[in-house]
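Take a look at the structure below.
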Number of protein chains: 2
Amino acid sequence: MAVYTHLAAEDLAVLIDHYDVGALVSAKGIAEGISNSNWLVETTGRDGSGARFILTMYERRIETSDLPFFLGLLDHLSARGCAVPRTIHDREGAGWREVEGKAVALIEFLPGVSVGRPTPGQAHAVGAALAEAHVAAREFPLHRANALDPAASAASLAQCGAEQLAAIDPALPAAIDLAARVRGDWPGDLPRSVCHTDLFPDNVLMLGDRVGGMIDFYFACDEAMAYDLAVTHAAWSFDKAGARFRPDVGEALVAGYESVRPLEPAERSAMPLLVQGACLRFVASRAEDWLDTPAGALVTRKDPMDFMRRLHFYAGAGDGPFQQ
Amino acid sequence: MAVYTHLAAEDLAVLIDHYDVGALVSAKGIAEGISNSNWLVETTGRDGSGARFILTMYERRIETSDLPFFLGLLDHLSARGCAVPRTIHDREGAGWREVEGKAVALIEFLPGVSVGRPTPGQAHAVGAALAEAHVAAREFPLHRANALDPAASAASLAQCGAEQLAAIDPALPAAIDLAARVRGDWPGDLPRSVCHTDLFPDNVLMLGDRVGGMIDFYFACDEAMAYDLAVTHAAWSFDKAGARFRPDVGEALVAGYESVRPLEPAERSAMPLLVQGACLRFVASRAEDWLDTPAGALVTRKDPMDFMRRLHFYAGAGDGPFQQ
């Protein structure tokens, strides 16, 4: 949530000149993205009537070698009518360029706002949009492994160690054994596609009850589609602290998903485990970030306990939230 | 340069409903302002054709009791044709509202970009725009004292102390005596108006060679108009580190100013001292911020030496840069 690099207006104007989008009118650094710098850029547009874009500079955590996957996926999905922004290509057809040694991409701006307290109607729309993307992405020719799968979460938590985890919260070391158990039981044969794997409300632009756009595909990877639904379920169906499950939102999300792509029996019966794996993925990454971030740093650390609470809910709820 | 407060879309929509600007379409937290959170907000507009605004939430350093001054000044200047954004008033006519116990204001969005390396043509336009604001602001009925005048800078540097300043840079303790001398020689009788006192290139939105808008008036106060020109001179006429003076830019700035409001003889002869006072104001505040900011914090500290270099240039240049 920052702009890490200063881009002078002159450099920005030169960059924009490489695209067929008109001349630079305005640029504001925006407080989005944890691994990137982002600007909301306005140009005169191809026909002079104005156009807007998100300019992303890839700062860290993102490998340039992954850009054909991420940016190509946006093109693939938007061409198939999915609610994702297009990648804007430069006059030579390239999906990204280099500025000051860093890769930058120009991406379609989509209107909409990220909701804080989703309604069931909004969750239904998001479920449907996710399923549409899963179906469309099955034909996407590029591949990327999930670096944050249950094995990685288990390893990360074990490496943090019980003592350090307890220093964050006394209830946190329990995640180590839970992650090892979930990893052991993890199903290997569910139907796969390219999955977003991080579809929090922050990453969905809503226009009322309609999905204006799903954004921030920088964790996208080949995964079990039901796992992506599980991540989205854990991210949407609770209050922010994870203290209260919102059954109507969870049900609407799954119903919306199934309105486009019904779950197979194996997927449905795996859901109670998949949601626990989803929670552990965020417990693990948040615990690691927490321990990496000095307490005095002016960055908001996300509390790993928000997802321990969700995990405990799911562990106790069995298949209740996923019954038809 | 951050968004300190999370504002859910639902809360934002409720807030926007209090204004006659149409319905909320989009909102992006923007990385601007050091004491505020800011969002670039898009609405459907009064006539459905769309409108954009900057929503500012006042976080710290800014007293609510100063808001009639800051927001009224924008209205006063824009009504007189100055290049500043208007304050948008709510349906009851209020210039600001409260959200979660904090004051928020909706301000006109102006297009344009902040230049990194101003051209003489741009500096000329900025000088003229500054003079226009000075002339228009003389009739502004509200008043606010300058909390960062030479006496305050001298006191702040003395309080930092030679030892702490030397820890930042061995050349920095010299600022203590320089500030005391500048304070002693400070002229008390130059013509005054309401002044911006922080008109860095970051705070001016340029549309080519034209000033699209002067923004961020949160240091505005009653001051000698020539001092405001001195601040702007120090902020625009050097490379970023203050190592190289750009005489053509400095000359164009003063010429642009005088194309609207010629300096009086007393103002012209005070300029060599006023620019030193301007430099010391930023040396002092940057040194203080530097010592207040932990070295590990993920915030860019501004180097007070950037303005010590400018100060030394001005001290050696006499009235050279300000001869007609």
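Chain identifiers are assigned as A, B, and so on, following the order in which chains appear in the structure tokens; residues are numbered from 1 within each chain, and ligands are numbered from 1 in order of appearance.
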Contacts from chain A to chain B, 6 Å maximum, only C-alpha atoms: show me the residue list as an mmCIF file with C-alpha atoms, in the first residue's frame.
data_model
loop_
_atom_site.group_PDB
_atom_site.id
_atom_site.type_symbol
_atom_site.label_atom_id
_atom_site.label_comp_id
_atom_site.auth_asym_id
_atom_site.auth_seq_id
_atom_site.Cartn_x
_atom_site.Cartn_y
_atom_site.Cartn_z
ATOM 1 C CA ALA A 8 8.618 12.244 -12.684
ATOM 2 C CA ALA A 9 5.851 13.526 -14.939
ATOM 3 C CA VAL A 25 -3.211 14.501 -18.616
ATOM 4 C CA SER A 26 -2.974 13.446 -14.992
ATOM 5 C CA GLY A 29 0.071 7.505 -7.170
ATOM 6 C CA ILE A 30 -2.484 5.191 -5.574
ATOM 7 C CA ALA A 31 -2.307 3.392 -2.272
ATOM 8 C CA PRO A 111 -14.800 1.571 -12.183
ATOM 9 C CA GLY A 112 -16.266 0.187 -8.985
ATOM 10 C CA VAL A 113 -15.601 0.123 -5.269
ATOM 11 C CA VAL A 115 -17.078 -3.303 -0.336
ATOM 12 C CA GLY A 116 -16.372 -3.620 3.365
ATOM 13 C CA ALA A 297 7.316 0.524 11.131
#
**OP:** Find the residues around stretch 132-148 of chain B up to 9 Å (only C-alpha atoms counted), leave out those fewer than 4 positions away in its own chain, and share them as an NGL selection string.
**Re:** :B and (66 or 68-69 or 72-73 or 76-77 or 80-84 or 127-128 or 152-153 or 192-197 or 219-223 or 225 or 257 or 260-261 or 281 or 285)
Given the selection you just returned, output its residues as a file containing N, CA and C atoms, formatted as a CSV table (one decimal), in the first residue's frame.
chain,number,residue,atom,x,y,z
B,66,ASP,N,-8.7,25.2,12.0
B,66,ASP,CA,-8.1,25.9,10.9
B,66,ASP,C,-8.9,25.6,9.6
B,68,PRO,N,-12.0,26.3,8.4
B,68,PRO,CA,-12.6,27.5,7.8
B,68,PRO,C,-11.6,28.3,7.0
B,69,PHE,N,-10.4,28.4,7.5
B,69,PHE,CA,-9.4,29.2,6.9
B,69,PHE,C,-8.9,28.5,5.6
B,72,GLY,N,-12.1,27.8,3.2
B,72,GLY,CA,-12.6,29.1,2.7
B,72,GLY,C,-11.6,29.8,1.7
B,73,LEU,N,-10.3,29.6,2.0
B,73,LEU,CA,-9.3,30.2,1.1
B,73,LEU,C,-9.4,29.6,-0.3
B,76,HIS,N,-12.4,31.3,-1.9
B,76,HIS,CA,-12.1,32.7,-2.1
B,76,HIS,C,-11.2,32.8,-3.4
B,77,LEU,N,-10.2,32.0,-3.5
B,77,LEU,CA,-9.3,32.2,-4.6
B,77,LEU,C,-9.9,31.7,-5.9
B,80,ARG,N,-12.2,34.0,-7.6
B,80,ARG,CA,-11.5,35.1,-8.2
B,80,ARG,C,-10.6,34.6,-9.4
B,81,GLY,N,-10.8,33.4,-9.9
B,81,GLY,CA,-10.2,33.0,-11.1
B,81,GLY,C,-8.8,32.4,-10.9
B,82,CYS,N,-8.4,32.2,-9.6
B,82,CYS,CA,-7.1,31.7,-9.4
B,82,CYS,C,-7.1,30.1,-9.7
B,83,ALA,N,-6.0,29.6,-10.0
B,83,ALA,CA,-5.9,28.2,-10.4
B,83,ALA,C,-5.8,27.3,-9.1
B,84,VAL,N,-6.9,27.3,-8.4
B,84,VAL,CA,-6.9,26.4,-7.2
B,84,VAL,C,-8.3,25.6,-7.2
B,127,GLY,N,5.2,31.4,-11.3
B,127,GLY,CA,5.4,32.8,-10.7
B,127,GLY,C,4.1,33.6,-10.9
B,128,ALA,N,3.6,33.6,-12.1
B,128,ALA,CA,2.4,34.4,-12.3
B,128,ALA,C,1.2,34.0,-11.5
B,152,ALA,N,10.6,30.4,14.7
B,152,ALA,CA,10.3,29.0,15.0
B,152,ALA,C,11.4,28.1,14.5
B,153,SER,N,11.9,28.4,13.2
B,153,SER,CA,13.0,27.6,12.7
B,153,SER,C,14.3,27.7,13.6
B,192,ARG,N,2.1,42.2,2.9
B,192,ARG,CA,1.6,40.9,3.3
B,192,ARG,C,0.3,40.5,2.6
B,193,SER,N,0.1,39.2,2.5
B,193,SER,CA,-1.2,38.6,2.1
B,193,SER,C,-1.3,37.3,2.7
B,194,VAL,N,-2.3,36.5,2.2
B,194,VAL,CA,-2.3,35.1,2.6
B,194,VAL,C,-1.4,34.4,1.6
B,195,CYS,N,-0.4,33.6,2.1
B,195,CYS,CA,0.6,33.0,1.3
B,195,CYS,C,0.5,31.4,1.4
B,196,HIS,N,0.9,30.7,0.3
B,196,HIS,CA,0.9,29.3,0.3
B,196,HIS,C,2.0,28.7,1.2
B,197,THR,N,3.2,29.3,1.1
B,197,THR,CA,4.5,29.0,1.8
B,197,THR,C,5.0,27.5,1.7
B,219,PHE,N,-0.3,24.7,4.7
B,219,PHE,CA,0.7,25.6,5.4
B,219,PHE,C,0.3,27.1,5.1
B,220,ALA,N,-0.8,27.3,4.4
B,220,ALA,CA,-1.1,28.7,4.1
B,220,ALA,C,-1.3,29.6,5.4
B,221,CYS,N,-0.8,30.8,5.3
B,221,CYS,CA,-0.9,31.7,6.5
B,221,CYS,C,-0.6,33.1,6.0
B,222,ASP,N,-0.8,34.1,6.9
B,222,ASP,CA,-0.5,35.5,6.7
B,222,ASP,C,1.1,35.6,6.7
B,223,GLU,N,1.6,36.1,5.6
B,223,GLU,CA,3.0,36.2,5.5
B,223,GLU,C,3.4,37.4,4.5
B,225,MET,N,4.5,38.6,1.2
B,225,MET,CA,4.4,38.0,-0.1
B,225,MET,C,5.8,37.6,-0.7
B,257,TYR,N,6.3,36.2,-11.8
B,257,TYR,CA,5.6,36.8,-10.6
B,257,TYR,C,5.4,38.3,-10.9
B,260,VAL,N,2.7,40.0,-13.1
B,260,VAL,CA,1.4,40.2,-12.4
B,260,VAL,C,1.5,41.2,-11.3
B,261,ARG,N,2.5,41.1,-10.5
B,261,ARG,CA,2.7,42.0,-9.4
B,261,ARG,C,4.2,42.3,-9.2
B,281,ARG,N,13.8,27.2,7.0
B,281,ARG,CA,12.5,26.7,7.4
B,281,ARG,C,12.5,25.2,7.0
B,285,SER,N,12.6,21.9,9.6
B,285,SER,CA,11.5,20.9,9.7
B,285,SER,C,12.0,19.5,9.3
Subject >> Nearby residues (only C-alpha atoms) at most 9 Å from A:Ala180, same-chain spacing under 2 positions excluded, as number ranges by chain >> reply: A: 150-151, 153-155, 158, 175-178, 182-185
Original post:
For A:Pro120, which of A:Gly256, A:Pro262, A:Gly48, A:Pro304 is the closest residue, counting only C-alpha atoms?
Top reply: A:Gly256
Original post:
Rounded to one decimal in Å, what is the spacing between atom CA of B:Glu264 and atom CA of B:Ala226?
Top reply: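 Separation between atom CA of B:Glu264 and atom CA of B:Ala226: 9.2 Å.
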Original post:
Hey, what does DSSP flag as helix (DSSP H, G or I) within stretch 191-267 of chain A? Can you give it to me as a VMD selection string?
Top reply: chain A and resid 201 to 203 225 to 236 247 to 260 265 to 267
**OP:** Can you pull out every residue within 12 Å of B:Leu291, counting only C-alpha atoms, but drop anything in the same chain fewer than 3 positions away, and send it as a list in words?
**Re:**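 Returned residues: Ser156, Leu157, Gln159, Cys160, Gly161, Glu163, Gln164, Leu165, Ala166, Ala167, Ile168, Asp169, Ala284, Ser285, Arg286, Ala287, Glu288, Pro294, Ala295, Ala297, Arg301, Lys302, Asp303 and Pro304 of chain B.
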